[in-house]
2 protein chains.
Amino acid sequence: MNKYLQLDPWCIIEEGFNEDKQLKSESIFSIGNGKIGQRANFEEYYSGETMLGSYLGGVYFPEPVADNNRKIGYSSTNDKIINTPNWSVISVRLNDEKLDMATWDIKNFRRVLNMREGFLERTFEATSFKGHRIQVTAKRFLSMAETEIGAISFTIKSLNFEGRISFQPLIDGDVKNNISNFDEPFWNVLQTKTEQDVSFLWAQTKRNDFHFCAALTYVMYKNNELMNVNPTKIEKEKVAGFSIGADVKIGETVCLNKYVAITSSLNHSRDELTEYACNLSRAAKKKGWNLLFEKHSGAWSKIWSEMDIIIDSDLAAQQAIRYNIFQQLQTYNGNDERLNINPGGFSGEKLNSGTLWENEVVCVPFYLGNFTQNTARNLLNYRFRHLPKAIRNAEKLGFNKGAAFFPAATFNGNESLNDWELSFEEVHRNGLIAFSIFNYIRYTGDDNYLIECGLRELIAIARFWAQRVNFSEEKNKFVLTGVTGPNHYDSNVNNNWFTNFIAVWCLKFTAESIEKVKKIDVEKYENLISDIQFHQDEISTWKNIADNMYFPENENLGIYSQQDGFLDKFKIKVSEVPESQLPVFQNWTWDRILRSTLIKQPDVLLGMFLFNENFDRETISRNFDFYEPFTVHESAISYGIHSVIATNIGKEQKALEMFLRSARFDLDDLNNEVANGLHITGMAASWLAVVQGFGGMSVINNQLNFTPRIPLVWNAFSFSVHFRGNLLHLHFEKEKQIIRNIKGENIIIVMNNKPVNIEAGNQVEIAN
Amino acid sequence: MNKYLQLDPWCIIEEGFNEDKQLKSESIFSIGNGKIGQRANFEEYYSGETMLGSYLGGVYFPEPVADNNRKIGYSSTNDKIINTPNWSVISVRLNDEKLDMATWDIKNFRRVLNMREGFLERTFEATSFKGHRIQVTAKRFLSMAETEIGAISFTIKSLNFEGRISFQPLIDGDVKNNISNFDEPFWNVLQTKTEQDVSFLWAQTKRNDFHFCAALTYVMYKNNELMNVNPTKIEKEKVAGFSIGADVKIGETVCLNKYVAITSSLNHSRDELTEYACNLSRAAKKKGWNLLFEKHSGAWSKIWSEMDIIIDSDLAAQQAIRYNIFQQLQTYNGNDERLNINPGGFSGEKLNSGTLWENEVVCVPFYLGNFTQNTARNLLNYRFRHLPKAIRNAEKLGFNKGAAFFPAATFNGNESLNDWELSFEEVHRNGLIAFSIFNYIRYTGDDNYLIECGLRELIAIARFWAQRVNFSEEKNKFVLTGVTGPNHYDSNVNNNWFTNFIAVWCLKFTAESIEKVKKIDVEKYENLISDIQFHQDEISTWKNIADNMYFPENENLGIYSQQDGFLDKFKIKVSEVPESQLPVFQNWTWDRILRSTLIKQPDVLLGMFLFNENFDRETISRNFDFYEPFTVHESAISYGIHSVIATNIGKEQKALEMFLRSARFDLDDLNNEVANGLHITGMAASWLAVVQGFGGMSVINNQLNFTPRIPLVWNAFSFSVHFRGNLLHLHFEKEKQIIRNIKGENIIIVMNNKPVNIEAGNQVEIAN
């Protein structure tokens, strides 16, 4: 853990330059707008340790797998997020001295990520080798209003320097991925061109032919007056831009505003891409900084008006929960069904192998609560669009009859991971995709999704389970061998309790859903089953499996066993692991982790989180008390989920502790890896800890329920949720609850098991 | 299976050119001398499918691991066999037409690997596009007498051509490995130089600085008369050699003899390498073909006089067992303790990740039987020399107190594999290294090895087991979790029976060995235990573990269970797998293999093979009958070991069938992968099937025992073995046995449980 940032309700603040933490800061201070993202790399040259990172949602690179590691059924590529050409570069010179924070003398450094308005600002004083002193302010944002625009304002005031200050605003295509098998550039730069007013770089990914074009325009001011500059054009093989400068005296100020259009073939035809980008960049310049910023910060203002969470009297929690909402929204804001939440967002490469099952567990609920239903439906559509590929994937692995097996990680429906223990054996992801359909319909009441998409997916998933189980004569039960459960700190195990549980749940839910669709729209049902050649006797096979599944238990301990043989493992609690060996994934060899009882994230407990209503409180408590002490929470979603469970079983102190760790996972770098990128999925989990945990939100029989359990040290907290056309604002104090019906018709909700009617536009106050 | 080769007692013969099988033939017809090896690539240009392969024993390349696949505890490199510069090239031209078997019209092709004399010969007629016809004979060998010399004689007779026939004998350094992560050349060519009489190429491996130099000389004959030629020198960046030619008329013959010295820094100082190679090559030329060949074939003649196995009346078996002995000897002949048997020999890259535990199981016994004790001791020394690295490897994986963990595969004591399920979890290899010490001493009586080396190794191994087990409260026993057993078609399992068994055996044998050494040489013992800080109470820890180890069993079936949960697997026998899906490792995805009961090679049965005397015949039979039907024998050692067991339990037909498959594994390409290289380790297993299986050889109380069980269809078989200073020749017929005491003193052996005295130089005949 490493706390070097200031507490503040609306900002992340670094006071004084922590050069040794620059890699962490680059992740933490990263900005994005749901389509484009950028690590907090400095605009100017920096000779210190840095990891460049510019990203485009939906753009990835299919890197070939090294021969040695191939297995039958693997994809031919490991797909990974790709570092795009860097649009943020502005080199700075005082005469012939190049500004470099690593070697110049830096004072009064302050870096602020302003979450309310969505910008990153850096101010500092710098002294060169020759003793020239300047004051610098660099501010940038990626527009939430116009999602292909990035803007940077770079201001220098001379404190003692007389001479020429020059800027080189550039697009740099000479970039590589930091993590690659073959250390090769992934981009072909197709063209660089610099005209009088605009400069662009056009590039293409090597194997899958994404096109990218960034075009830049600029304006320059001296002492706040627009300058008429005569730029030198830069048009190198992999770099495009301008060089411009101004002569200054002591006390004078120069400012460069750089406007960049960042575009790709994801949204535009290849033929028109460069022209489109140039025009967009020109238009941005025409609008100018103030108007662009106003529209951008206005978009953030609207977001906060609907999605803010206020925690009264806990500044660390307040800052962190806003940070998590902020980064979640910077990563994905829900209007493009081709995109999904990359687990590392736009902040690094390492965690970004594509969409994971964790999204179904924590992100879909976040978007259900914070947006109207179409946004979550887009996330569901993302999987539905991949169904044909999931069926082909299952075929490749030896399944048949239309069984589907969704990928462990993906950018486009293809498996992007080639680790057999995950890609082949982490089968519960299929169950979580089914759960997400159930959860979406429970929350929205949108049966139409079930009819149009969901049932087809569910049947394909049920067919997978029906083939994946086998009957053990020894146990006289169905079993699931060779799986990797949610824990991830064990592999290739037999009878993971959670996997067996969700397999049975899928079979039952699919059978129920068939009945439901048959009732609602028999014609569509008939069409579907004829299309996928579904036979009624499949249902009896499913029923037989569901009725005769084996579940590992330990009766003495009164717990479900995570898997067969779990209790044979080397028994060690987290409290017994020396601090210096944590996180274990960075300190222990893999076999030692596998052989120990240490657990990465909820496994048995994930079942109790998702299906809370199926277990009595005592059972959940016993399993929580048994498993939590073994849990190292080295997955970002772990603390948030444990916090919700802890609240549900009345462990208030534990719930708060887990929530704080969940919320500050990256800000305090609990996993010692924030340098590699943020944990976006975990951020959604911290939102759940507030809303489902402390807020006690659930949907029962089409009604929204709350059973608020406010942590002792908090005075109050409040949040908003969308529910079936309503937008509600919930404010919970110890003595009372205030619920406002901001948008939508009258609504009846259930507060602490009592129905409460809230009229449209009104609020209700309930005393405890 | 693909039989295209002729049966012959002493030769492997291909009649007619099978272009589609050239990759297979390149492996099968490969030659070597224990130090250098060469696939049967054609000397001349070949535009068809080919995989170049020239290898040097002990020379490997440490290839970096792709970032994505790194885990804590992994080596930074995957070490692999390296394809060296190609010494065998002789390009051939008729005027301007380049000889190419892929495009010229080829007739009367015949390729012979002569095992008796150890050479490869190819004869054919070829017609060019222009209709020019020639007859070609190319013969080559790698000298067993002078192990740095390769020689090729290339003869062309003009059938209808008048014009110039030219040869380019070359050393080609422009080579790559076929399997590499980064597709980069592993060699820097340091120098090419061509003088009047000699040409050389000097190269260096990129990361670990092995130096290699091949120097060539030649002579050319026309119509059997030495020519005085004026060569054109070739000295390119990566190629060195000559171009020489002769004008021929119809019916005339030209012949080029190429003599190559193939040398490395393994045996010579880098400074003198090129000079040494040039002189050696000149000396070879001076000796001339006949003398070189005579010494070479003489060496083979001596080998066969001691190591031949004769199988009367089964030509397929006869050819195959000789082939296996031949390739075993070509791979390793035992006088360099820095070398070991690479599982793929000198015939390819894919199987060659370094020394594996299979060597201890089947190769050490082969060398014990076929050589005097120093050869096997060299193999043991190989491991002993690696002990300090094995201790460091164990430390890296979290063990302490001098525990050793030998690598899964190695060239130099470092782990060359980075697959966690093997490198970290395939722990039984430690047990087999201990077994090999036991087996060596049992066979040779060489207690000195135990005192000087063995005990130190055994204690380090026992210390490993003592830390690797943990106590299961649930089972009230010690358990071994997270292991990969010998089967290899399952990973990360708990309580693999074989692993638990050999762990206990190691602990007991180490404790016994301590007592033994203490008795024989108390001073050396005291020195050792003080050096390694050994405490007597470690022995009681070992005893406690040995006495309380858990072994999985199934009482109903009367078998040991391969591991916990084995019987939950999807039950499928090999007979139920469609032919088209075999071998499964080439057709099934990895998870499907893991989830099925299919077994790659003996696992429970390996224990019964190694410790035959510890189990009654009924127990072995029950386990054999249960496990063999699940066994796909996709490891080359599997058939041989099963054959021995089958003989022991009286399943004669099964034993013969398994032996034939073992012996002809590569000749008939049972695993559909001979194109990638031979399975040298499996060849030793087929020798064991004859000697330990049908011959019933064992050592009991320092005496050699035989209980011959001759297969019904055989008339007789015979073999020789070295035993403690004696060389015995055994000839077994159905009616009688003849044992000759070829070398050594009088000896008493035990034939069918009866002692038989055989005087020095005499023979004894025993009627049944």
# chains A, B, ... in the order shown; residues from 1 in each chain; ligands from 1
$ interface_residues --of "chain A" --to "chain B" --cutoff "9 Å" --atoms "only C-alpha atoms" --output "MDAnalysis selection string"
chainID A and resid 65:69 71:74 179:183 350 396:398 419:421 424:425 469:475 478:483 490:494 564:565 567:571 585:592 594:596
$ write_last_selection --atoms "C-alpha atoms" --output "compact mmCIF listing (two decimals), in the first residue's frame"
# COMPACT_ATOMS: atom_id res chain seq x y z
CA VAL A 65 0.98 -17.34 -30.24
CA ALA A 66 4.52 -18.61 -29.80
CA ASP A 67 4.77 -22.09 -31.30
CA ASN A 68 5.87 -23.79 -28.13
CA ASN A 69 2.69 -22.98 -26.29
CA LYS A 71 -2.50 -26.67 -27.94
CA ILE A 72 -5.31 -28.10 -30.03
CA GLY A 73 -8.34 -25.87 -29.70
CA TYR A 74 -6.31 -22.73 -29.02
CA ILE A 179 3.72 -6.44 -23.56
CA SER A 180 4.23 -8.33 -26.78
CA ASN A 181 5.51 -11.75 -27.72
CA PHE A 182 7.71 -10.66 -30.56
CA ASP A 183 8.62 -7.09 -29.62
CA LYS A 350 -1.54 -5.97 -18.80
CA LYS A 396 -13.86 -26.75 -31.83
CA LEU A 397 -13.68 -28.18 -28.31
CA GLY A 398 -15.69 -31.27 -29.18
CA ASP A 419 -4.23 -20.69 -21.26
CA TRP A 420 -5.87 -24.08 -21.20
CA GLU A 421 -6.79 -23.80 -17.54
CA PHE A 424 -10.88 -24.54 -21.83
CA GLU A 425 -11.70 -25.10 -18.17
CA VAL A 469 -21.16 -33.17 -17.12
CA ASN A 470 -20.49 -36.86 -16.88
CA PHE A 471 -21.98 -39.51 -14.66
CA SER A 472 -19.72 -40.88 -11.96
CA GLU A 473 -20.53 -44.47 -11.19
CA GLU A 474 -18.54 -44.19 -8.01
CA LYS A 475 -20.58 -41.24 -6.74
CA PHE A 478 -23.38 -36.27 -12.19
CA VAL A 479 -20.03 -34.56 -11.81
CA LEU A 480 -18.06 -31.80 -13.51
CA THR A 481 -14.39 -32.65 -13.75
CA GLY A 482 -11.49 -30.59 -15.02
CA VAL A 483 -12.75 -27.10 -14.27
CA ASP A 490 -6.72 -23.47 -8.42
CA SER A 491 -7.06 -25.16 -11.79
CA ASN A 492 -8.30 -28.34 -13.33
CA VAL A 493 -10.25 -29.35 -10.25
CA ASN A 494 -13.18 -31.71 -9.95
CA ASP A 564 -13.20 -32.05 -4.20
CA GLY A 565 -10.00 -32.19 -2.19
CA LEU A 567 -9.57 -29.59 2.53
CA ASP A 568 -6.46 -31.59 1.69
CA LYS A 569 -4.66 -28.41 0.75
CA PHE A 570 -1.92 -26.77 2.75
CA LYS A 571 -4.00 -24.80 5.23
CA PHE A 585 0.60 -13.67 -7.04
CA GLN A 586 3.67 -11.45 -7.12
CA ASN A 587 5.64 -13.45 -4.57
CA TRP A 588 4.71 -17.11 -4.61
CA THR A 589 5.29 -19.60 -7.37
CA TRP A 590 2.16 -20.78 -9.05
CA ASP A 591 2.22 -24.32 -7.65
CA ARG A 592 2.52 -22.98 -4.12
CA LEU A 594 -2.41 -23.77 -6.11
CA ARG A 595 -1.48 -26.06 -3.26
CA SER A 596 -2.50 -23.67 -0.53
$ select_by_dssp --residues "region 190-273 of chain B" --states "strand (DSSP E)" --output "compact mmCIF listing (two decimals) with N, CA and C atoms, in the first residue's frame"
# COMPACT_ATOMS: atom_id res chain seq x y z
N LEU B 190 30.57 -15.65 -37.37
CA LEU B 190 31.72 -14.79 -37.02
C LEU B 190 32.69 -14.64 -38.19
N GLN B 191 32.87 -15.72 -38.93
CA GLN B 191 33.83 -15.67 -40.02
C GLN B 191 33.55 -16.79 -41.03
N THR B 192 33.71 -16.46 -42.30
CA THR B 192 33.78 -17.51 -43.32
C THR B 192 35.10 -17.29 -44.05
N LYS B 193 35.76 -18.35 -44.34
CA LYS B 193 37.07 -18.19 -44.99
C LYS B 193 37.33 -19.41 -45.86
N THR B 194 37.79 -19.16 -47.06
CA THR B 194 38.10 -20.25 -47.96
C THR B 194 39.53 -20.09 -48.48
N SER B 199 38.03 -24.82 -46.37
CA SER B 199 37.10 -23.71 -46.22
C SER B 199 36.39 -23.90 -44.89
N PHE B 200 36.19 -22.80 -44.16
CA PHE B 200 35.50 -23.00 -42.89
C PHE B 200 34.47 -21.91 -42.62
N LEU B 201 33.55 -22.24 -41.74
CA LEU B 201 32.56 -21.29 -41.23
C LEU B 201 32.59 -21.36 -39.71
N TRP B 202 32.72 -20.18 -39.12
CA TRP B 202 32.87 -20.08 -37.66
C TRP B 202 31.67 -19.28 -37.16
N ALA B 203 30.96 -19.82 -36.21
CA ALA B 203 29.74 -19.16 -35.75
C ALA B 203 29.62 -19.27 -34.23
N GLN B 204 28.74 -18.46 -33.72
CA GLN B 204 28.59 -18.34 -32.27
C GLN B 204 27.10 -18.26 -31.95
N THR B 205 26.64 -18.98 -30.94
CA THR B 205 25.22 -18.84 -30.57
C THR B 205 25.01 -17.49 -29.90
N HIS B 211 30.69 -21.68 -29.40
CA HIS B 211 31.32 -21.47 -30.70
C HIS B 211 31.29 -22.78 -31.49
N PHE B 212 31.14 -22.62 -32.77
CA PHE B 212 31.01 -23.75 -33.68
C PHE B 212 31.90 -23.46 -34.88
N CYS B 213 32.66 -24.46 -35.31
CA CYS B 213 33.37 -24.28 -36.57
C CYS B 213 33.32 -25.57 -37.36
N ALA B 214 32.90 -25.45 -38.61
CA ALA B 214 32.96 -26.59 -39.52
C ALA B 214 33.94 -26.23 -40.64
N ALA B 215 34.86 -27.15 -40.90
CA ALA B 215 35.85 -26.91 -41.95
C ALA B 215 35.76 -28.05 -42.96
N LEU B 216 35.83 -27.72 -44.22
CA LEU B 216 35.69 -28.77 -45.23
C LEU B 216 36.90 -28.84 -46.15
N THR B 217 37.24 -30.08 -46.49
CA THR B 217 38.18 -30.34 -47.59
C THR B 217 37.47 -31.28 -48.55
N TYR B 218 38.04 -31.49 -49.68
CA TYR B 218 37.37 -32.37 -50.66
C TYR B 218 38.43 -32.97 -51.57
N VAL B 219 38.05 -34.02 -52.25
CA VAL B 219 38.80 -34.50 -53.41
C VAL B 219 37.77 -34.83 -54.48
N MET B 220 38.22 -34.76 -55.73
CA MET B 220 37.29 -35.02 -56.83
C MET B 220 37.93 -36.04 -57.77
N TYR B 221 37.10 -36.97 -58.20
CA TYR B 221 37.56 -38.01 -59.10
C TYR B 221 36.77 -37.94 -60.39
N LYS B 222 37.45 -38.25 -61.47
CA LYS B 222 36.71 -38.46 -62.72
C LYS B 222 37.08 -39.85 -63.22
N GLU B 225 39.66 -41.53 -61.32
CA GLU B 225 41.00 -40.97 -61.21
C GLU B 225 40.95 -39.62 -60.54
N LEU B 226 41.89 -39.42 -59.64
CA LEU B 226 41.96 -38.16 -58.90
C LEU B 226 42.12 -37.00 -59.88
N THR B 232 36.72 -22.58 -57.54
CA THR B 232 36.30 -21.21 -57.25
C THR B 232 36.00 -21.16 -55.76
N LYS B 233 36.58 -20.16 -55.09
CA LYS B 233 36.33 -20.07 -53.65
C LYS B 233 35.02 -19.36 -53.37
N ILE B 234 34.28 -19.88 -52.41
CA ILE B 234 33.03 -19.24 -51.99
C ILE B 234 33.21 -18.76 -50.56
N GLU B 235 32.95 -17.49 -50.34
CA GLU B 235 33.19 -16.90 -49.03
C GLU B 235 32.15 -15.80 -48.83
N VAL B 239 28.00 -18.30 -45.78
CA VAL B 239 28.26 -19.54 -46.49
C VAL B 239 29.72 -19.60 -46.89
N ALA B 240 30.31 -20.79 -46.73
CA ALA B 240 31.70 -20.96 -47.15
C ALA B 240 31.84 -22.27 -47.90
N GLY B 241 32.76 -22.31 -48.85
CA GLY B 241 33.00 -23.56 -49.57
C GLY B 241 33.66 -23.33 -50.92
N PHE B 242 33.42 -24.27 -51.78
CA PHE B 242 34.07 -24.25 -53.09
C PHE B 242 33.05 -24.50 -54.19
N SER B 243 33.44 -24.12 -55.39
CA SER B 243 32.71 -24.56 -56.58
C SER B 243 33.73 -25.21 -57.50
N ILE B 244 33.45 -26.45 -57.93
CA ILE B 244 34.39 -27.21 -58.74
C ILE B 244 33.62 -28.00 -59.77
N GLY B 245 34.22 -28.30 -60.85
CA GLY B 245 33.46 -29.01 -61.87
C GLY B 245 34.35 -29.81 -62.79
N ALA B 246 33.69 -30.59 -63.64
CA ALA B 246 34.42 -31.39 -64.61
C ALA B 246 33.53 -31.54 -65.85
N ASP B 247 34.15 -31.57 -67.01
CA ASP B 247 33.39 -31.82 -68.23
C ASP B 247 33.28 -33.33 -68.43
N VAL B 248 32.07 -33.78 -68.71
CA VAL B 248 31.88 -35.23 -68.86
C VAL B 248 31.27 -35.55 -70.22
N THR B 253 31.96 -40.77 -65.24
CA THR B 253 31.59 -40.63 -63.84
C THR B 253 32.43 -39.57 -63.16
N VAL B 254 31.78 -38.70 -62.35
CA VAL B 254 32.54 -37.81 -61.47
C VAL B 254 32.11 -38.10 -60.04
N CYS B 255 33.06 -37.93 -59.15
CA CYS B 255 32.78 -38.20 -57.74
C CYS B 255 33.43 -37.14 -56.89
N LEU B 256 32.66 -36.60 -55.95
CA LEU B 256 33.21 -35.65 -54.99
C LEU B 256 33.17 -36.27 -53.61
N ASN B 257 34.32 -36.32 -52.96
CA ASN B 257 34.34 -36.70 -51.55
C ASN B 257 34.53 -35.44 -50.73
N LYS B 258 33.62 -35.26 -49.77
CA LYS B 258 33.68 -34.08 -48.91
C LYS B 258 34.00 -34.53 -47.50
N TYR B 259 35.02 -33.96 -46.89
CA TYR B 259 35.41 -34.29 -45.52
C TYR B 259 35.20 -33.07 -44.65
N VAL B 260 34.40 -33.21 -43.63
CA VAL B 260 34.10 -32.06 -42.80
C VAL B 260 34.50 -32.32 -41.35
N ALA B 261 35.23 -31.36 -40.79
CA ALA B 261 35.48 -31.39 -39.35
C ALA B 261 34.43 -30.52 -38.69
N ILE B 262 33.72 -31.09 -37.73
CA ILE B 262 32.61 -30.38 -37.07
C ILE B 262 32.99 -30.25 -35.60
N THR B 263 33.31 -29.02 -35.20
CA THR B 263 33.93 -28.82 -33.89
C THR B 263 33.22 -27.72 -33.12
N SER B 264 33.42 -27.73 -31.82
CA SER B 264 32.76 -26.70 -31.02
C SER B 264 33.58 -26.36 -29.79
$ residues_around --residues "region 387-391 of chain A" --least-positions-apart "5" --cutoff "6 Å" --atoms "only C-alpha atoms" --output "JSON, numbers by chain"
{"A": [402, 403, 404, 405, 406, 413]}
$ residues_around --residues "region 686-702 of chain B" --least-positions-apart "6" --cutoff "6 Å" --atoms "only C-alpha atoms" --output "compact mmCIF listing (two decimals) with C-alpha atoms, in the first residue's frame"
# COMPACT_ATOMS: atom_id res chain seq x y z
CA GLY B 640 7.97 -51.20 -23.71
CA SER B 643 5.39 -55.32 -22.40
CA VAL B 644 7.67 -56.06 -19.45
CA THR B 647 5.41 -60.75 -19.52
CA SER B 662 7.43 -50.41 -28.80
CA ALA B 663 10.13 -51.58 -31.19
CA PRO B 708 13.27 -66.39 -20.01
CA ARG B 709 9.74 -66.37 -21.41
CA ILE B 710 10.08 -66.72 -25.13
$ residues_around --residues "Leu356 (chain A)" --least-positions-apart "6" --cutoff "8 Å" --atoms "only C-alpha atoms" --output "ChimeraX atom specification"
/A:342-343,408-410
$ residues_around --residues "region 717-734 of chain B" --least-positions-apart "5" --cutoff "6 Å" --atoms "only C-alpha atoms" --output "JSON, numbers by chain"
{"B": [307, 309, 310, 311, 312, 369, 370, 371, 444, 739, 740, 741, 742, 743, 744]}
$ write_last_selection --atoms "C-alpha atoms" --output "short mmCIF file (atom, residue, chain, number, x, y, z; two decimals), in the first residue's frame"
data_model
loop_
_atom_site.label_atom_id
_atom_site.label_comp_id
_atom_site.auth_asym_id
_atom_site.auth_seq_id
_atom_site.Cartn_x
_atom_site.Cartn_y
_atom_site.Cartn_z
CA MET B 307 25.17 -55.29 -28.20
CA ILE B 309 20.02 -58.72 -30.23
CA ILE B 310 19.03 -61.56 -32.50
CA ILE B 311 15.40 -62.49 -32.83
CA ASP B 312 14.98 -65.68 -34.74
CA GLY B 369 23.31 -53.61 -19.59
CA ASN B 370 25.28 -52.63 -22.66
CA PHE B 371 28.40 -51.00 -21.22
CA THR B 444 26.81 -52.56 -10.25
CA ILE B 739 24.93 -68.69 -21.69
CA ARG B 740 28.44 -67.70 -22.71
CA ASN B 741 30.81 -65.96 -20.35
CA ILE B 742 32.63 -63.87 -22.92
CA LYS B 743 34.64 -61.61 -20.65
CA GLY B 744 35.47 -61.61 -16.98
#
$ atom_distance --atom1 "CA of Tyr449 (chain A)" --atom2 "CA of Glu395 (chain A)"
25.8 Å
$ residues_around --residues "region 129-145 of chain A" --least-positions-apart "2" --cutoff "7 Å" --atoms "only C-alpha atoms" --output "number ranges by chain"
A: 31-33, 104, 118-127, 147, 149-161, 295-296, 299
$ closest_residue --among "A:Ile738, A:Leu351, A:Leu339, A:Ile766" --to "Asn676 (chain A)" --atoms "only C-alpha atoms"
A:Leu351
